[in-house]
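Below is target_10.csv, which holds CSV, C-alpha atoms and all ligand atoms.
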chain,number,residue,atom,x,y,z
A,99,MET,CA,118.4,81.1,106.2
A,100,GLU,CA,116.3,82.5,103.5
A,101,LYS,CA,117.5,85.9,102.2
A,102,THR,CA,115.3,89.0,102.6
A,103,LEU,CA,113.6,90.1,99.4
A,104,VAL,CA,112.9,93.7,98.4
A,105,PHE,CA,110.2,94.5,95.8
A,106,GLY,CA,107.9,97.1,94.5
A,107,HIS,CA,104.3,96.7,93.1
A,108,LYS,CA,103.0,94.5,90.3
A,109,ASN,CA,103.3,96.0,86.8
A,110,PRO,CA,106.5,97.6,88.0
A,111,ASP,CA,107.4,101.2,87.0
A,112,THR,CA,110.9,102.7,87.2
A,113,ASP,CA,110.4,103.7,90.8
A,114,SER,CA,109.4,100.1,91.8
A,115,ILE,CA,112.4,98.6,90.1
A,116,CYS,CA,115.1,101.2,90.9
A,117,SER,CA,114.0,101.7,94.5
A,118,SER,CA,114.1,97.9,95.0
A,119,ILE,CA,117.7,97.9,93.8
A,120,ALA,CA,118.6,100.9,95.9
A,121,MET,CA,116.9,99.7,99.1
A,122,ALA,CA,118.5,96.2,98.7
A,123,ASN,CA,121.9,98.0,98.3
A,124,LEU,CA,121.3,100.1,101.5
A,125,GLN,CA,120.1,97.1,103.5
A,126,THR,CA,122.9,94.9,102.4
A,127,LYS,CA,125.4,97.5,103.6
A,128,LEU,CA,123.6,98.1,106.9
A,129,LEU,CA,123.0,94.5,107.8
A,130,GLY,CA,126.2,93.0,106.3
A,131,GLU,CA,124.2,90.2,104.7
A,132,GLU,CA,122.8,90.0,101.2
A,133,VAL,CA,119.4,91.5,100.7
A,134,VAL,CA,117.9,90.6,97.2
A,135,PRO,CA,116.1,93.0,94.9
A,136,CYS,CA,113.1,91.4,93.1
A,137,ARG,CA,110.4,92.4,90.6
A,138,LEU,CA,106.8,91.4,90.2
A,139,GLY,CA,106.6,91.8,86.4
A,140,GLU,CA,108.2,92.7,83.2
A,141,ILE,CA,110.5,95.7,82.9
A,142,ASN,CA,109.1,98.5,80.8
A,143,GLU,CA,111.0,100.4,78.1
A,144,GLU,CA,111.7,103.4,80.3
A,145,THR,CA,113.2,101.3,83.1
A,146,LYS,CA,115.2,99.3,80.6
A,147,TYR,CA,116.7,102.6,79.4
A,148,ALA,CA,117.8,103.5,82.9
A,149,LEU,CA,119.2,100.0,83.8
A,150,ASN,CA,121.2,100.0,80.5
A,151,TYR,CA,122.5,103.5,81.0
A,152,PHE,CA,123.8,102.8,84.4
A,153,ASP,CA,124.7,99.2,83.6
A,154,VAL,CA,122.7,97.6,86.4
A,155,GLU,CA,121.1,94.1,86.0
A,156,ALA,CA,117.4,93.8,86.3
A,157,PRO,CA,116.1,92.3,89.6
A,158,LYS,CA,115.0,88.8,89.5
A,159,LEU,CA,111.4,88.0,88.8
A,160,ILE,CA,109.2,86.4,91.5
A,161,GLU,CA,105.6,85.5,91.4
A,162,LYS,CA,104.8,84.5,95.0
A,163,VAL,CA,106.5,84.3,98.4
A,164,GLU,CA,106.4,81.4,100.8
A,165,GLU,CA,105.0,81.7,104.3
A,166,ALA,CA,107.2,83.6,106.7
A,167,GLN,CA,109.5,84.8,103.9
A,168,LYS,CA,111.2,88.0,105.1
A,169,VAL,CA,110.3,90.9,102.7
A,170,ILE,CA,110.7,94.6,102.4
A,171,LEU,CA,108.1,96.5,100.4
A,172,VAL,CA,109.0,99.6,98.4
A,173,ASP,CA,106.7,102.0,96.4
A,174,HIS,CA,103.5,100.3,97.6
A,175,ASN,CA,101.8,98.9,100.6
A,176,GLU,CA,98.4,97.8,99.3
A,177,PHE,CA,98.2,94.0,99.3
A,178,THR,CA,96.1,94.1,96.1
A,179,GLN,CA,99.2,95.5,94.4
A,180,SER,CA,101.7,93.2,96.0
A,181,VAL,CA,103.2,89.7,95.6
A,182,ASP,CA,101.0,86.7,95.9
A,183,GLY,CA,101.3,85.2,99.4
A,184,ILE,CA,102.1,88.6,100.9
A,185,GLU,CA,99.4,88.0,103.7
A,186,ASN,CA,101.6,85.3,105.2
A,187,ALA,CA,105.0,86.9,104.6
A,188,LYS,CA,107.0,88.6,107.3
A,189,ILE,CA,107.1,92.3,106.4
A,190,LEU,CA,110.3,93.8,107.9
A,191,ALA,CA,109.9,97.3,106.4
A,192,VAL,CA,108.0,99.5,104.0
A,193,VAL,CA,109.5,102.5,102.2
A,194,ASP,CA,106.7,104.3,100.3
A,195,HIS,CA,105.0,107.5,99.2
A,196,HIS,CA,101.4,106.3,98.8
A,197,ARG,CA,98.3,106.3,100.9
A,198,ILE,CA,98.1,103.4,103.4
A,199,ASN,CA,95.3,101.0,102.4
A,200,ASN,CA,94.6,97.3,102.4
A,201,PHE,CA,97.6,96.8,104.6
A,202,GLN,CA,98.1,95.0,107.9
A,203,THR,CA,100.8,93.1,109.7
A,204,SER,CA,100.9,90.8,112.7
A,205,GLU,CA,104.2,92.1,113.9
A,206,PRO,CA,105.9,95.4,114.4
A,207,LEU,CA,107.9,96.8,111.5
A,208,PHE,CA,109.8,99.8,110.1
A,209,TYR,CA,107.6,102.1,108.1
A,210,TYR,CA,109.2,104.9,106.2
A,211,ALA,CA,106.6,106.9,104.3
A,212,GLN,CA,106.5,110.5,103.2
A,213,PRO,CA,104.1,112.5,101.0
A,214,VAL,CA,106.8,113.1,98.4
A,215,GLY,CA,107.1,112.5,94.7
A,216,CYS,CA,109.0,109.3,94.7
A,217,THR,CA,110.1,106.4,96.9
A,218,SER,CA,113.7,107.1,96.0
A,219,THR,CA,113.4,110.5,97.6
A,220,VAL,CA,112.6,108.8,100.9
A,221,LEU,CA,115.5,106.4,100.3
A,222,PHE,CA,117.8,109.4,99.6
A,223,GLU,CA,117.1,110.5,103.1
A,224,LEU,CA,117.6,107.0,104.5
A,225,PHE,CA,121.0,106.7,102.9
A,226,ASN,CA,122.0,110.1,104.4
A,227,THR,CA,120.7,109.5,107.9
A,228,ASN,CA,122.5,106.2,108.0
A,229,ASN,CA,125.7,107.8,106.7
A,230,ILE,CA,125.9,105.4,103.7
A,231,LYS,CA,127.6,106.7,100.6
A,232,ILE,CA,125.5,106.4,97.5
A,233,GLU,CA,127.4,104.8,94.6
A,234,GLN,CA,127.3,106.4,91.2
A,235,ASN,CA,125.1,103.8,89.5
A,236,ILE,CA,122.7,103.6,92.4
A,237,ALA,CA,122.4,107.4,92.4
A,238,GLY,CA,121.7,107.2,88.7
A,239,LEU,CA,118.9,104.7,89.3
A,240,MET,CA,117.4,106.7,92.2
A,241,LEU,CA,117.5,109.8,90.0
A,242,SER,CA,115.7,107.9,87.2
A,243,ALA,CA,113.0,106.9,89.6
A,244,ILE,CA,112.4,110.5,90.7
A,245,ILE,CA,112.4,111.7,87.1
A,246,SER,CA,109.9,109.0,86.2
A,247,ASP,CA,107.5,109.5,89.1
A,248,THR,CA,107.5,113.3,88.9
A,249,LEU,CA,107.8,113.6,85.1
A,250,LEU,CA,111.0,115.5,85.4
A,251,LEU,CA,109.7,117.5,88.4
A,252,LYS,CA,106.6,118.7,86.6
A,253,SER,CA,104.0,116.6,88.3
A,254,PRO,CA,102.0,118.2,91.1
A,255,THR,CA,103.3,115.4,93.3
A,256,THR,CA,106.8,117.1,93.2
A,257,THR,CA,108.0,118.5,96.5
A,258,ASP,CA,111.1,120.5,97.6
A,259,LYS,CA,112.6,117.3,98.9
A,260,ASP,CA,112.4,115.7,95.5
A,261,LYS,CA,114.1,118.7,93.9
A,262,LYS,CA,116.9,118.6,96.5
A,263,ALA,CA,117.4,114.9,96.0
A,264,VAL,CA,117.5,115.2,92.3
A,265,GLU,CA,120.1,118.0,92.5
A,266,GLU,CA,122.4,115.9,94.7
A,267,LEU,CA,121.8,112.6,92.9
A,268,ALA,CA,122.6,114.2,89.5
A,269,LYS,CA,125.9,115.3,90.9
A,270,ILE,CA,126.8,111.9,92.2
A,271,ALA,CA,125.6,110.2,89.0
A,272,ASN,CA,127.5,112.8,86.9
A,273,ILE,CA,124.8,113.4,84.3
A,274,ASP,CA,123.0,116.3,82.7
A,275,LEU,CA,119.5,116.1,84.3
A,276,SER,CA,117.3,117.5,81.5
A,277,THR,CA,119.0,115.7,78.6
A,278,TYR,CA,119.1,112.3,80.4
A,279,GLY,CA,115.6,112.9,81.9
A,280,LEU,CA,114.0,113.6,78.5
A,281,ASP,CA,115.7,110.7,76.8
A,282,MET,CA,114.6,108.3,79.5
A,283,LEU,CA,111.0,109.5,79.5
A,284,LYS,CA,110.9,109.3,75.7
A,285,ALA,CA,112.1,105.7,75.8
A,286,GLY,CA,109.0,105.0,77.9
A,287,THR,CA,106.7,106.5,75.3
A,288,ASN,CA,107.6,103.9,72.7
A,289,LEU,CA,104.2,102.1,72.9
A,290,ASP,CA,104.0,100.6,69.4
A,291,LYS,CA,105.7,97.4,70.4
A,292,TYR,CA,103.0,96.5,72.9
A,293,THR,CA,99.8,94.7,72.1
A,294,GLU,CA,96.6,96.3,73.4
A,295,GLN,CA,96.4,93.8,76.2
A,296,GLU,CA,100.0,94.6,77.2
A,297,LEU,CA,99.2,98.3,77.0
A,298,ILE,CA,96.4,98.3,79.5
A,299,ASN,CA,98.5,96.3,81.9
A,300,LEU,CA,101.7,98.2,81.5
A,301,ASP,CA,101.1,100.4,84.5
A,302,ALA,CA,97.7,99.2,85.9
A,303,LYS,CA,96.8,99.5,89.5
A,304,SER,CA,94.0,97.4,91.0
A,305,MET,CA,92.1,99.1,93.8
A,306,GLU,CA,89.2,98.1,96.0
A,307,LYS,CA,86.9,100.1,98.2
A,308,ASP,CA,83.9,98.6,100.0
A,309,ASN,CA,83.6,95.9,97.3
A,310,PHE,CA,84.0,98.5,94.6
A,311,LYS,CA,86.7,97.0,92.5
A,312,TYR,CA,88.4,99.1,89.9
A,313,ILE,CA,91.6,99.6,87.9
A,314,ILE,CA,93.4,102.8,87.0
A,315,ALA,CA,96.0,102.3,84.3
A,316,GLN,CA,98.2,104.9,82.8
A,317,VAL,CA,100.6,105.2,79.8
A,318,ASN,CA,102.9,108.1,78.9
A,319,THR,CA,103.1,109.4,75.4
A,320,VAL,CA,104.2,112.3,73.3
A,321,SER,CA,101.1,112.0,71.1
A,322,ILE,CA,97.7,111.1,72.6
A,323,PRO,CA,96.1,110.8,69.1
A,324,ASP,CA,98.7,108.2,68.3
A,325,VAL,CA,97.5,106.0,71.1
A,326,LEU,CA,93.8,106.8,70.3
A,327,LYS,CA,94.3,105.3,66.9
A,328,ARG,CA,94.0,102.0,68.7
A,329,LYS,CA,91.0,103.1,70.8
A,330,GLU,CA,88.6,100.4,69.6
A,331,LYS,CA,91.0,97.5,70.3
A,332,ILE,CA,92.0,99.0,73.6
A,333,GLU,CA,88.3,99.1,74.6
A,334,GLU,CA,87.8,95.5,73.6
A,335,GLU,CA,90.7,94.4,75.9
A,336,ILE,CA,89.4,96.6,78.7
A,337,LYS,CA,86.0,95.1,78.5
A,338,LYS,CA,87.5,91.6,78.8
A,339,VAL,CA,89.3,92.6,81.9
A,340,ILE,CA,86.2,94.2,83.4
A,341,LYS,CA,84.3,90.9,82.9
A,342,GLU,CA,87.1,88.6,84.1
A,343,LYS,CA,87.8,90.5,87.3
A,344,GLY,CA,84.3,91.8,88.0
A,345,LEU,CA,85.3,95.4,87.9
A,346,CYS,CA,82.9,98.3,88.4
A,347,LEU,CA,85.3,100.7,86.6
A,348,PHE,CA,88.4,100.8,84.4
A,349,VAL,CA,90.1,104.1,83.7
A,350,PHE,CA,92.9,104.1,81.1
A,351,VAL,CA,94.7,107.4,81.4
A,352,ILE,CA,96.8,108.5,78.4
A,353,THR,CA,99.2,111.2,79.5
A,354,ASP,CA,101.0,113.6,77.2
A,355,ILE,CA,104.2,114.2,79.0
A,356,VAL,CA,105.2,117.1,76.9
A,357,ASN,CA,102.1,119.2,77.4
A,358,SER,CA,101.1,117.8,80.8
A,359,ASN,CA,97.6,116.8,79.8
A,360,SER,CA,95.6,113.5,79.8
A,361,LYS,CA,92.7,111.9,78.1
A,362,ALA,CA,91.2,108.7,79.6
A,363,ILE,CA,89.2,105.8,78.2
A,364,VAL,CA,86.5,105.1,80.8
A,365,LEU,CA,84.5,101.9,80.9
A,366,GLY,CA,82.4,99.9,83.3
A,367,GLU,CA,79.0,100.2,85.1
A,368,ARG,CA,80.2,103.1,87.1
A,369,THR,CA,81.6,105.6,84.6
A,370,ASP,CA,79.5,108.2,86.5
A,371,VAL,CA,82.4,108.2,89.1
A,372,ILE,CA,84.5,110.0,86.4
A,373,SER,CA,81.7,111.8,84.5
A,374,LYS,CA,80.7,113.7,87.7
A,375,THR,CA,83.9,115.6,87.2
A,376,TYR,CA,85.0,115.2,83.6
A,377,GLU,CA,82.6,115.0,80.7
A,378,ILE,CA,82.8,111.7,78.9
A,379,LYS,CA,82.1,111.5,75.1
A,380,ASP,CA,82.4,108.2,73.3
A,381,ASN,CA,84.0,106.6,76.4
A,382,LEU,CA,86.7,109.3,76.4
A,383,ALA,CA,87.2,111.8,79.1
A,384,GLU,CA,89.2,115.0,78.6
A,385,MET,CA,91.4,115.7,81.6
A,386,PRO,CA,93.3,118.9,81.1
A,387,GLY,CA,96.3,119.4,83.3
A,388,VAL,CA,96.0,115.9,84.8
A,389,VAL,CA,99.3,113.9,85.0
A,390,SER,CA,99.2,112.2,88.4
A,391,ARG,CA,97.1,109.1,89.0
A,392,LYS,CA,97.9,109.3,92.7
A,393,LYS,CA,97.1,112.9,93.3
A,394,GLN,CA,94.6,113.8,90.6
A,395,VAL,CA,92.7,110.7,89.5
A,396,LEU,CA,92.6,108.4,92.4
A,397,PRO,CA,91.3,110.9,95.0
A,398,LEU,CA,88.6,111.9,92.5
A,399,VAL,CA,87.4,108.3,92.1
A,400,GLU,CA,87.4,107.6,95.8
A,401,LYS,CA,85.4,110.7,96.5
A,402,ASN,CA,82.8,110.0,93.8
A,403,ILE,CA,82.3,106.3,94.4
B,501,MN,MN,105.1,103.1,91.3
B,502,MN,MN,106.5,105.7,93.1

Can you dump the structure from the file as structure tokens?
Ligand code: MN
Ligand code: MN
Amino acid sequence: MEKTLVFGHKNPDTDSICSSIAMANLQTKLLGEEVVPCRLGEINEETKYALNYFDVEAPKLIEKVEEAQKVILVDHNEFTQSVDGIENAKILAVVDHHRINNFQTSEPLFYYAQPVGCTSTVLFELFNTNNIKIEQNIAGLMLSAIISDTLLLKSPTTTDKDKKAVEELAKIANIDLSTYGLDMLKAGTNLDKYTEQELINLDAKSMEKDNFKYIIAQVNTVSIPDVLKRKEKIEEEIKKVIKEKGLCLFVFVITDIVNSNSKAIVLGERTDVISKTYEIKDNLAEMPGVVSRKKQVLPLVEKNI
């Protein structure tokens, strides 16, 4: 029989990779049969740092799933962000912390979702309610996922549950939270090695609402001006994607993780969606205090469409 596969969204971030590994670990223990963590894209520098630190192998890369393949989704539910073939897969469970959208199944399923900062926070609770001990390296990866999604508990998406989980997981993983957290986040800000095309795809999420197709991409940095040195080339690549995919809007959010601010390159026919709230000059919007796509950028776009 085909093994069950666990994966997060395309253009995987640290949560998508680490929560896949943690969920596969939990399910394997609960079911007594191997459940396989997978990924839908390249591992980014931040995630690499976490996997190396805790000496865990990257999940295997998959591009599509066959009909009736048993799958578990973590860190997403929208089919536009999932694996090719998801429409005909058998979704056994979802563990997530996003809105529910573009999602339907033909059969009943387990759905574990909470409005918390990270999928691994939901998983932390699942390990506990099932009385499964969290191994040191798995705890380290779950901790890394929460640090990544909440920018070391500074993002407005952070909840008390995230803080509690982080506290416990840091003990199990036996690490100093702020030292490790900053080192990991910094590893993710090394953007020089990416081409402009890679940069705009690194953490891009495709969205669709009533035929309004758009992408919100985000990169973390310690220096926004550094990234903006490449603004012209980035804009060229964004324009290509807009044309190829027939997008109405592309928002490329550049987030300063030290000062918790963002600027965004905004292109497309419908830049008014952003300019209603943030002034755009030379395709660039200032977004003071913005760090969360999910809680600060996405709701704004959906409201202004
Ligand atoms: Mn994610
Ligand atoms: Mn997440």

Would you name the residues within 6 Å of ligand MN 502 (chain B), counting only C-alpha atoms and all ligand atoms, and put them as a VMD selection string?
chain A and resid 113 173 216 to 217 247

Residues within 8 Å of ligand MN 501 (chain B), counting all atoms listed in the file, as a PyMOL selection string
chain A and resi 106-107+110-114+173-174+247

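Nearest residue to Glu100 (chain A) among A:Asn235, A:Gln167, A:Asn142, A:Asn199 is A:Gln167, counting only C-alpha atoms.
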
d(CA of Leu124 (chain A), CA of Ile244 (chain A)) in Å:
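One can read the CA of Leu124 (chain A) to CA of Ile244 (chain A) distance as 17.4 Å.
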
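With all atoms listed in the file as the atoms that count, the minimum distance from Asn318 (chain A) to the choices A:Ile184, A:Leu249, A:Ala263, A:Ala191 is reached by A:Leu249.
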